[in-house]
>>> print(open('run_1.tsv').read())   # TSV, C-alpha atoms and all ligand atoms
chain	number	residue	atom	x	y	z
A	181	MET	CA	0.00	0.00	0.00
A	182	ARG	CA	1.22	3.47	-0.93
A	183	LYS	CA	2.19	5.73	1.97
A	184	TYR	CA	2.17	9.52	2.15
A	185	VAL	CA	4.30	12.35	3.49
A	186	VAL	CA	2.01	14.26	5.85
A	187	ALA	CA	2.55	17.58	7.64
A	188	VAL	CA	0.55	18.89	10.59
A	189	VAL	CA	0.66	22.69	10.78
A	190	GLY	CA	-0.07	23.97	14.28
A	191	ALA	CA	1.01	20.61	15.66
A	192	THR	CA	1.29	21.74	19.30
A	193	GLY	CA	-2.25	23.12	19.54
A	194	LEU	CA	-5.23	21.17	20.90
A	195	VAL	CA	-6.47	20.34	17.39
A	196	GLY	CA	-2.96	19.70	16.01
A	197	LYS	CA	-2.23	17.14	18.72
A	198	GLU	CA	-5.61	15.53	18.10
A	199	MET	CA	-4.74	15.34	14.38
A	200	VAL	CA	-1.53	13.44	15.19
A	201	ASN	CA	-3.45	11.10	17.52
A	202	THR	CA	-6.16	10.54	14.92
A	203	LEU	CA	-3.63	9.69	12.17
A	204	GLU	CA	-2.13	7.10	14.52
A	205	GLU	CA	-5.47	5.71	15.78
A	206	ARG	CA	-6.87	5.26	12.27
A	207	ASN	CA	-3.62	3.84	10.95
A	208	PHE	CA	-3.39	6.45	8.20
A	209	PRO	CA	-0.67	5.33	5.73
A	210	VAL	CA	2.02	7.81	6.81
A	211	LYS	CA	5.45	7.52	5.21
A	212	GLU	CA	6.82	10.50	7.09
A	213	LEU	CA	5.17	12.89	9.55
A	214	LYS	CA	6.33	16.51	9.76
A	215	LEU	CA	5.26	18.59	12.73
A	216	LEU	CA	5.21	22.30	11.95
A	217	ALA	CA	4.55	25.24	14.25
A	218	SER	CA	5.75	28.74	15.05
A	219	GLU	CA	9.12	29.51	16.67
A	220	ARG	CA	7.43	29.51	20.09
A	221	SER	CA	7.08	25.73	19.86
A	222	ILE	CA	10.68	24.97	19.02
A	223	GLY	CA	12.16	22.42	21.39
A	224	LYS	CA	8.79	20.68	21.76
A	225	GLU	CA	8.20	17.18	20.45
A	226	LEU	CA	5.26	14.80	20.06
A	227	THR	CA	5.15	11.01	19.95
A	228	TYR	CA	3.69	9.24	16.97
A	229	LYS	CA	3.57	5.42	16.93
A	230	GLY	CA	6.12	5.28	19.73
A	231	LYS	CA	8.59	7.60	17.98
A	232	THR	CA	9.40	11.11	19.17
A	233	ILE	CA	9.18	13.70	16.43
A	234	PRO	CA	10.60	17.21	17.01
A	235	VAL	CA	8.53	20.24	16.03
A	236	GLU	CA	10.01	22.27	13.15
A	237	VAL	CA	9.50	25.95	12.36
A	238	LEU	CA	6.94	26.55	9.63
A	239	THR	CA	8.49	28.35	6.64
A	240	GLU	CA	7.69	28.76	2.95
A	241	ASP	CA	10.04	25.82	2.23
A	242	SER	CA	8.32	23.44	4.65
A	243	PHE	CA	6.15	21.78	1.99
A	244	LYS	CA	8.69	20.40	-0.47
A	245	GLY	CA	7.86	16.71	-0.90
A	246	VAL	CA	4.85	16.94	1.42
A	247	GLU	CA	1.71	15.42	-0.13
A	248	ILE	CA	-0.94	16.24	2.50
A	249	GLY	CA	-0.96	19.18	4.93
A	250	LEU	CA	-3.39	19.29	7.85
A	251	PHE	CA	-3.61	22.94	8.94
A	252	SER	CA	-4.86	24.17	12.30
A	253	ALA	CA	-2.73	27.14	13.28
A	254	GLY	CA	-5.23	29.97	12.86
A	255	GLY	CA	-6.70	31.80	9.90
A	256	SER	CA	-3.81	34.15	9.21
A	257	ILE	CA	-1.29	31.28	9.05
A	258	SER	CA	-3.56	29.43	6.64
A	259	GLU	CA	-4.07	32.52	4.49
A	260	LYS	CA	-0.31	32.88	4.16
A	261	PHE	CA	0.89	29.26	3.94
A	262	ALA	CA	-1.97	27.19	2.45
A	263	PRO	CA	-1.50	28.73	-1.03
A	264	VAL	CA	2.28	28.19	-0.70
A	265	ALA	CA	1.71	24.52	0.09
A	266	GLY	CA	-0.84	24.28	-2.73
A	267	THR	CA	1.68	25.57	-5.24
A	268	ALA	CA	4.06	22.81	-4.08
A	269	LYS	CA	1.24	20.30	-4.90
A	270	CYS	CA	0.69	19.55	-1.24
A	271	VAL	CA	-3.07	19.12	-0.71
A	272	VAL	CA	-4.07	21.27	2.25
A	273	ILE	CA	-6.94	20.27	4.50
A	274	ASP	CA	-7.57	23.51	6.34
A	275	ASN	CA	-9.35	23.66	9.68
A	276	THR	CA	-9.67	27.46	9.79
A	277	SER	CA	-12.43	29.66	8.38
A	278	ALA	CA	-10.03	31.31	5.87
A	279	PHE	CA	-11.12	29.44	2.72
A	280	ARG	CA	-14.43	27.82	3.62
A	281	MET	CA	-16.61	30.08	1.49
A	282	ASP	CA	-14.16	30.32	-1.44
A	283	PRO	CA	-16.07	28.93	-4.45
A	284	ASP	CA	-12.86	27.23	-5.65
A	285	VAL	CA	-12.41	25.39	-2.34
A	286	PRO	CA	-14.58	22.39	-1.45
A	287	LEU	CA	-16.07	22.35	2.08
A	288	VAL	CA	-16.47	18.74	3.10
A	289	VAL	CA	-18.18	16.57	5.68
A	290	PRO	CA	-17.61	12.96	4.54
A	291	GLU	CA	-21.07	11.75	5.65
A	292	VAL	CA	-22.73	14.58	3.68
A	293	ASN	CA	-20.81	15.59	0.52
A	294	PRO	CA	-17.80	13.27	0.06
A	295	HIS	CA	-17.89	13.78	-3.73
A	296	ALA	CA	-16.87	17.45	-3.25
A	297	VAL	CA	-13.32	16.33	-2.30
A	298	GLY	CA	-12.62	15.98	-6.04
A	299	GLN	CA	-12.77	19.76	-6.44
A	300	TYR	CA	-9.50	20.14	-4.52
A	301	THR	CA	-7.61	20.43	-7.83
A	302	LYS	CA	-8.47	24.13	-8.31
A	303	ARG	CA	-6.42	25.44	-5.38
A	304	TYR	CA	-5.11	22.25	-3.73
A	305	ILE	CA	-7.07	23.33	-0.66
A	306	ILE	CA	-9.99	21.53	0.99
A	307	ALA	CA	-11.73	23.31	3.86
A	308	ASN	CA	-12.80	21.59	7.05
A	309	PRO	CA	-16.06	23.19	8.24
A	310	ASN	CA	-16.75	24.88	11.55
A	311	CYS	CA	-17.15	22.44	14.46
A	312	SER	CA	-20.75	23.38	15.26
A	313	THR	CA	-21.74	23.14	11.60
A	314	ILE	CA	-20.19	19.68	11.14
A	315	GLN	CA	-22.12	17.93	13.90
A	316	MET	CA	-25.37	19.64	12.86
A	317	VAL	CA	-25.20	18.61	9.18
A	318	VAL	CA	-24.19	15.03	10.08
A	319	ALA	CA	-27.48	14.79	11.99
A	320	LEU	CA	-29.60	16.71	9.46
A	321	LYS	CA	-28.50	15.37	6.07
A	322	PRO	CA	-30.46	12.07	6.33
A	323	ILE	CA	-33.61	14.05	7.22
A	324	HIS	CA	-33.07	16.55	4.41
A	325	ASP	CA	-32.79	13.69	1.90
A	326	VAL	CA	-36.25	12.32	2.74
A	327	ALA	CA	-38.27	15.32	3.92
A	328	ARG	CA	-36.43	18.45	2.65
A	329	ILE	CA	-35.51	20.88	5.40
A	330	LYS	CA	-36.89	24.37	4.76
A	331	ARG	CA	-35.63	26.13	7.88
A	332	ILE	CA	-33.23	25.48	10.77
A	333	VAL	CA	-33.21	27.32	14.11
A	334	VAL	CA	-30.15	26.33	16.12
A	335	SER	CA	-28.72	27.39	19.48
A	336	THR	CA	-25.30	26.08	20.47
A	337	TYR	CA	-23.71	25.36	23.84
A	338	GLN	CA	-20.02	25.37	22.90
A	339	SER	CA	-17.11	24.15	25.00
A	340	VAL	CA	-13.99	26.21	25.63
A	341	SER	CA	-11.58	23.74	23.97
A	342	GLY	CA	-12.66	25.12	20.57
A	343	THR	CA	-10.75	28.29	21.39
A	344	GLY	CA	-7.57	26.46	22.38
A	345	LYS	CA	-5.53	25.52	25.40
A	346	GLU	CA	-5.40	29.07	26.83
A	347	ALA	CA	-9.21	28.95	27.08
A	348	VAL	CA	-9.17	25.53	28.77
A	349	GLU	CA	-6.69	26.97	31.30
A	350	GLU	CA	-8.83	30.10	31.75
A	351	LEU	CA	-11.95	28.11	32.68
A	352	GLU	CA	-9.91	25.95	35.05
A	353	SER	CA	-8.20	28.87	36.78
A	354	GLN	CA	-11.42	30.90	37.07
A	355	VAL	CA	-13.19	27.96	38.72
A	356	ARG	CA	-10.27	27.57	41.15
A	357	ALA	CA	-10.23	31.31	41.92
A	358	LEU	CA	-13.97	31.47	42.54
A	359	MET	CA	-13.93	28.39	44.77
A	360	SER	CA	-11.20	29.89	46.92
A	361	GLY	CA	-12.51	33.46	47.16
A	362	LYS	CA	-9.86	34.96	44.88
A	363	PRO	CA	-10.49	37.55	42.14
A	364	VAL	CA	-11.29	36.19	38.67
A	365	GLU	CA	-8.87	36.98	35.86
A	366	VAL	CA	-10.36	37.48	32.39
A	367	LYS	CA	-7.93	37.18	29.47
A	368	VAL	CA	-9.17	34.99	26.59
A	369	TYR	CA	-12.94	35.64	26.66
A	370	PRO	CA	-14.65	39.05	26.85
A	371	HIS	CA	-16.22	38.11	30.24
A	372	GLN	CA	-15.93	35.54	33.01
A	373	ILE	CA	-16.67	32.08	31.55
A	374	ALA	CA	-16.73	30.07	34.81
A	375	PHE	CA	-20.34	29.53	36.00
A	376	ASN	CA	-21.54	31.71	33.14
A	377	CYS	CA	-22.85	31.62	29.51
A	378	LEU	CA	-21.58	34.04	26.87
A	379	PRO	CA	-23.79	34.68	23.82
A	380	HIS	CA	-20.70	35.72	21.91
A	381	ILE	CA	-18.36	33.49	19.84
A	382	ASP	CA	-15.90	35.04	17.39
A	383	VAL	CA	-16.49	38.69	16.43
A	384	PHE	CA	-19.70	40.67	15.93
A	385	LEU	CA	-20.75	41.61	12.38
A	386	GLU	CA	-22.77	44.51	10.99
A	387	ASN	CA	-26.04	42.49	11.02
A	388	GLY	CA	-25.87	41.91	14.78
A	389	TYR	CA	-24.90	38.24	14.41
A	390	THR	CA	-21.50	36.87	15.38
A	391	LYS	CA	-19.15	35.45	12.78
A	392	GLU	CA	-19.58	32.00	14.37
A	393	GLU	CA	-23.35	32.27	13.82
A	394	MET	CA	-22.96	33.29	10.19
A	395	LYS	CA	-20.52	30.39	9.62
A	396	MET	CA	-23.33	28.03	10.61
A	397	VAL	CA	-25.73	29.79	8.22
A	398	ASN	CA	-23.45	29.92	5.18
A	399	GLU	CA	-21.49	26.68	5.62
A	400	THR	CA	-24.69	24.62	6.06
A	401	LYS	CA	-25.99	25.77	2.65
A	402	LYS	CA	-22.64	25.03	0.98
A	403	ILE	CA	-22.12	21.56	2.51
A	404	MET	CA	-25.73	20.48	1.93
A	405	GLU	CA	-25.48	21.98	-1.58
A	406	ASP	CA	-28.83	23.67	-1.09
A	407	PRO	CA	-28.89	27.47	-0.77
A	408	SER	CA	-32.66	27.35	-0.22
A	409	ILE	CA	-32.31	26.07	3.36
A	410	GLU	CA	-32.96	29.00	5.71
A	411	VAL	CA	-30.76	28.94	8.82
A	412	THR	CA	-30.68	31.14	11.90
A	413	ALA	CA	-28.24	30.55	14.74
A	414	THR	CA	-27.36	31.73	18.24
A	415	THR	CA	-23.95	30.48	19.34
A	416	VAL	CA	-23.20	30.44	23.06
A	417	ARG	CA	-20.04	29.65	24.99
A	418	VAL	CA	-20.68	27.57	28.09
A	419	PRO	CA	-18.34	26.45	30.90
A	420	VAL	CA	-17.77	22.97	29.45
A	421	PHE	CA	-14.28	21.73	28.57
A	422	PHE	CA	-14.91	19.33	25.68
A	423	ALA	CA	-17.80	18.68	23.22
A	424	HIS	CA	-20.42	21.03	21.84
A	425	SER	CA	-24.17	20.59	22.41
A	426	GLU	CA	-26.88	22.03	20.17
A	427	SER	CA	-30.61	22.55	20.32
A	428	VAL	CA	-31.75	22.09	16.72
A	429	ASN	CA	-35.26	22.93	15.47
A	430	ILE	CA	-36.17	22.18	11.87
A	431	GLU	CA	-39.18	22.76	9.63
A	432	THR	CA	-39.53	20.27	6.79
A	433	GLU	CA	-41.49	20.34	3.55
A	434	LYS	CA	-42.77	16.77	3.98
A	435	LYS	CA	-44.15	15.49	7.27
A	436	ILE	CA	-41.71	13.29	9.20
A	437	THR	CA	-42.54	11.85	12.62
A	438	ALA	CA	-40.21	11.68	15.61
A	439	ALA	CA	-40.22	7.87	15.31
A	440	GLU	CA	-39.20	8.10	11.65
A	441	VAL	CA	-36.35	10.49	12.52
A	442	ARG	CA	-35.17	8.14	15.27
A	443	ASP	CA	-35.21	5.21	12.85
A	444	LEU	CA	-33.49	7.17	10.07
A	445	LEU	CA	-30.74	8.47	12.34
A	446	SER	CA	-30.14	5.11	13.98
A	447	ARG	CA	-28.98	3.91	10.54
A	448	ALA	CA	-27.09	7.09	9.58
A	449	PRO	CA	-23.29	7.01	9.26
A	450	GLY	CA	-21.43	8.74	12.10
A	451	VAL	CA	-24.58	9.08	14.23
A	452	THR	CA	-25.56	7.36	17.46
A	453	VAL	CA	-29.11	7.88	18.68
A	454	MET	CA	-29.38	8.11	22.49
A	455	ASP	CA	-33.01	8.83	23.08
A	456	ASP	CA	-34.93	7.23	25.93
A	457	PRO	CA	-36.28	9.95	28.24
A	458	LYS	CA	-37.90	7.41	30.60
A	459	LYS	CA	-34.43	6.07	31.31
A	460	ARG	CA	-33.07	9.65	31.41
A	461	LEU	CA	-31.06	8.79	28.33
A	462	TYR	CA	-29.96	11.68	26.13
A	463	PRO	CA	-26.55	12.76	24.82
A	464	LEU	CA	-24.25	14.66	27.16
A	465	ALA	CA	-21.02	16.54	26.51
A	466	VAL	CA	-19.21	14.55	29.19
A	467	HIS	CA	-20.09	11.31	27.38
A	468	ALA	CA	-19.39	12.55	23.84
A	469	ALA	CA	-15.94	13.86	24.81
A	470	GLY	CA	-13.25	11.57	23.42
A	471	LYS	CA	-15.67	9.80	21.05
A	472	ASP	CA	-15.99	9.94	17.27
A	473	ASP	CA	-19.75	9.91	16.68
A	474	THR	CA	-22.35	12.64	16.70
A	475	PHE	CA	-24.93	11.80	19.36
A	476	VAL	CA	-28.61	12.71	18.92
A	477	GLY	CA	-31.45	12.60	21.42
A	478	ARG	CA	-34.55	14.47	22.68
A	479	ILE	CA	-36.07	13.82	19.24
A	480	ARG	CA	-39.65	15.11	19.29
A	481	GLU	CA	-42.20	16.79	17.08
A	482	ASP	CA	-42.46	20.57	17.28
A	483	GLU	CA	-46.12	20.95	18.14
A	484	SER	CA	-46.14	24.66	17.28
A	485	ILE	CA	-45.97	23.97	13.51
A	486	THR	CA	-47.26	21.30	11.08
A	487	ASN	CA	-43.92	19.81	10.02
A	488	GLY	CA	-41.35	20.44	12.74
A	489	ILE	CA	-38.79	18.44	14.70
A	490	ASN	CA	-36.70	19.33	17.76
A	491	MET	CA	-33.54	17.51	18.73
A	492	TRP	CA	-30.38	17.71	20.85
A	493	VAL	CA	-27.09	17.08	19.04
A	494	VAL	CA	-23.76	16.54	20.83
A	495	SER	CA	-20.27	15.80	19.50
A	496	ASP	CA	-16.61	16.23	20.46
A	497	ASN	CA	-15.55	19.49	18.82
A	498	LEU	CA	-11.87	18.48	18.69
A	499	ARG	CA	-12.68	15.13	17.03
A	500	LYS	CA	-15.62	15.15	14.57
A	501	GLY	CA	-15.64	18.94	14.85
A	502	ALA	CA	-12.00	19.20	13.75
A	503	ALA	CA	-9.28	16.49	13.67
A	504	LEU	CA	-11.37	13.44	12.81
A	505	ASN	CA	-13.30	15.18	10.03
A	506	ALA	CA	-9.98	16.39	8.54
A	507	VAL	CA	-8.43	12.90	8.62
A	508	GLN	CA	-11.61	11.39	7.12
A	509	ILE	CA	-11.27	13.89	4.25
A	510	ALA	CA	-7.65	12.78	3.82
A	511	GLU	CA	-8.84	9.16	3.70
A	512	ILE	CA	-11.20	9.95	0.81
A	513	LEU	CA	-8.43	11.92	-0.89
A	514	ILE	CA	-5.99	8.98	-0.91
A	515	ARG	CA	-8.68	6.39	-1.69
A	516	ASP	CA	-10.08	8.20	-4.74
A	517	PHE	CA	-7.55	10.78	-5.94
A	518	LEU	CA	-3.90	10.57	-4.79
A	519	LYS	CA	-3.68	6.85	-5.57
B	1	LIG	O1	-13.10	27.02	13.14
B	1	LIG	O2	-14.67	27.77	19.73
B	1	LIG	O3	-14.36	28.64	12.65
B	1	LIG	O4	-13.63	29.66	19.74
B	1	LIG	C1	-13.28	29.39	15.46
B	1	LIG	C2	-13.67	29.67	16.91
B	1	LIG	C3	-13.93	27.03	15.76
B	1	LIG	C4	-14.37	27.31	17.18
B	1	LIG	C5	-13.81	27.96	13.48
B	1	LIG	C6	-14.01	28.64	19.16
B	1	LIG	C7	-14.08	28.26	14.95
B	1	LIG	C8	-13.58	28.41	17.74
>>> encode(input="run_1.tsv", output="structure tokens")
Amino acid sequence: MRKYVVAVVGATGLVGKEMVNTLEERNFPVKELKLLASERSIGKELTYKGKTIPVEVLTEDSFKGVEIGLFSAGGSISEKFAPVAGTAKCVVIDNTSAFRMDPDVPLVVPEVNPHAVGQYTKRYIIANPNCSTIQMVVALKPIHDVARIKRIVVSTYQSVSGTGKEAVEELESQVRALMSGKPVEVKVYPHQIAFNCLPHIDVFLENGYTKEEMKMVNETKKIMEDPSIEVTATTVRVPVFFAHSESVNIETEKKITAAEVRDLLSRAPGVTVMDDPKKRLYPLAVHAAGKDDTFVGRIREDESITNGINMWVVSDNLRKGAALNAVQIAEILIRDFLK
């Protein structure tokens, strides 16, 4: 079997480390693994399949001979280096929002639009969608295929790990401070996150929505390849370390019952239905953390409209929301294109 030279850009971040773990866990055919990061990470190393690999400084020359680049070092790094890698014929799978809405860049969730991977040839860049969008479309695509979704109203409950390790440390240290009567220090988020909910993720835009909310609106239409789906979102940061939860309300063209949705989703790829209220069974962030699937529960008909469904969707934002989805894209790439 052919093996590939793979680079992870932003290797020392939460997502970068998860990418390295995921490559190992899924036995991705790696010939050589390059770990790239900024100068700040020099001297660090990671283990991959029992071998220690030192982190190298990312430069314009880093991509010679590299066939696949998994990028998760922030939007400005991707804007600068993804095109450089692309020119060197390294296929970039980019986890930032930099290229997601570029019409020459496919935006892929393997359970939803795997065929779009083939469009990588235009820029040699494939975009990995936003974490909250990925888990939502994994749960909604099977429903859209049978009943056509007209409108989505989603509210998210997003964990701090999406922001990075500084945010994980901030939640931890704020909880410690509050439990020991010390003053709370606010650095990463605009307000205290411990024991609080912030209706503010990424920056505010002219229309009053946040950028995170508009990513869910625009990316959903692009991934589902249906601009007619109306989407409105409220994205909220909650004091949870790992995994995002979402309240998802949909209106469909054709009637679909809660039982039909449960049945459909129990057979859907990447989805586990956990839905038995009598047994207090529903998906929880603490259970989804560290797992690959998207978990769906609280499936019920929206009694305020004729064709409506409510559900609760939970997934690990560092796995399906980032590293796993990126590696699954790479798996399609080598299976169908870089043979
Ligand atoms: O990839 O949780 O568009 O703060 C950027 C913000 C991912 C989540 C993206 C967060 C998001 C992140």
>>> closest_residue(input="run_1.tsv", among="A:Ile479, A:Ala262, A:Met359, A:Val210", to="A:Val285", atoms="only C-alpha atoms")
A:Ala262
>>> residues_near_ligand(input="run_1.tsv", ligand="ligand LIG 1 (chain B)", cutoff="7 Å", atoms="all atoms listed in the file", output="list in words")
Asn275, Thr276, Ser277, Pro309, Asn310, Cys311, Gln338, Ser339, Val340, Ser341, Gly342, Thr343, Ile381, Asp382 and Glu392 of chain A
>>> axis_aligned_box(input="run_1.tsv", around="stretch 460-464 of chain A", padding_each_side="5 Å", output="JSON")
{"center_x": -28.7, "center_y": 11.7, "center_z": 28.1, "size_x": 18.8, "size_y": 15.9, "size_z": 16.6}
>>> closest_residue(input="run_1.tsv", among="A:Arg460, A:His371, A:Arg280, A:Arg499", to="A:Glu205", atoms="only C-alpha atoms")
A:Arg499
>>> closest_residue(input="run_1.tsv", among="A:Ile512, A:Val418, A:His324, A:Glu399", to="A:Tyr369", atoms="all atoms listed in the file")
A:Val418
>>> closest_residue(input="run_1.tsv", among="A:Met396, A:Leu444, A:Ile329, A:Val195", to="A:Thr412", atoms="only C-alpha atoms")
A:Met396
>>> closest_residue(input="run_1.tsv", among="A:Ala469, A:Ala413, A:Ala510, A:Val326", to="A:Val186", atoms="all atoms listed in the file")
A:Ala510
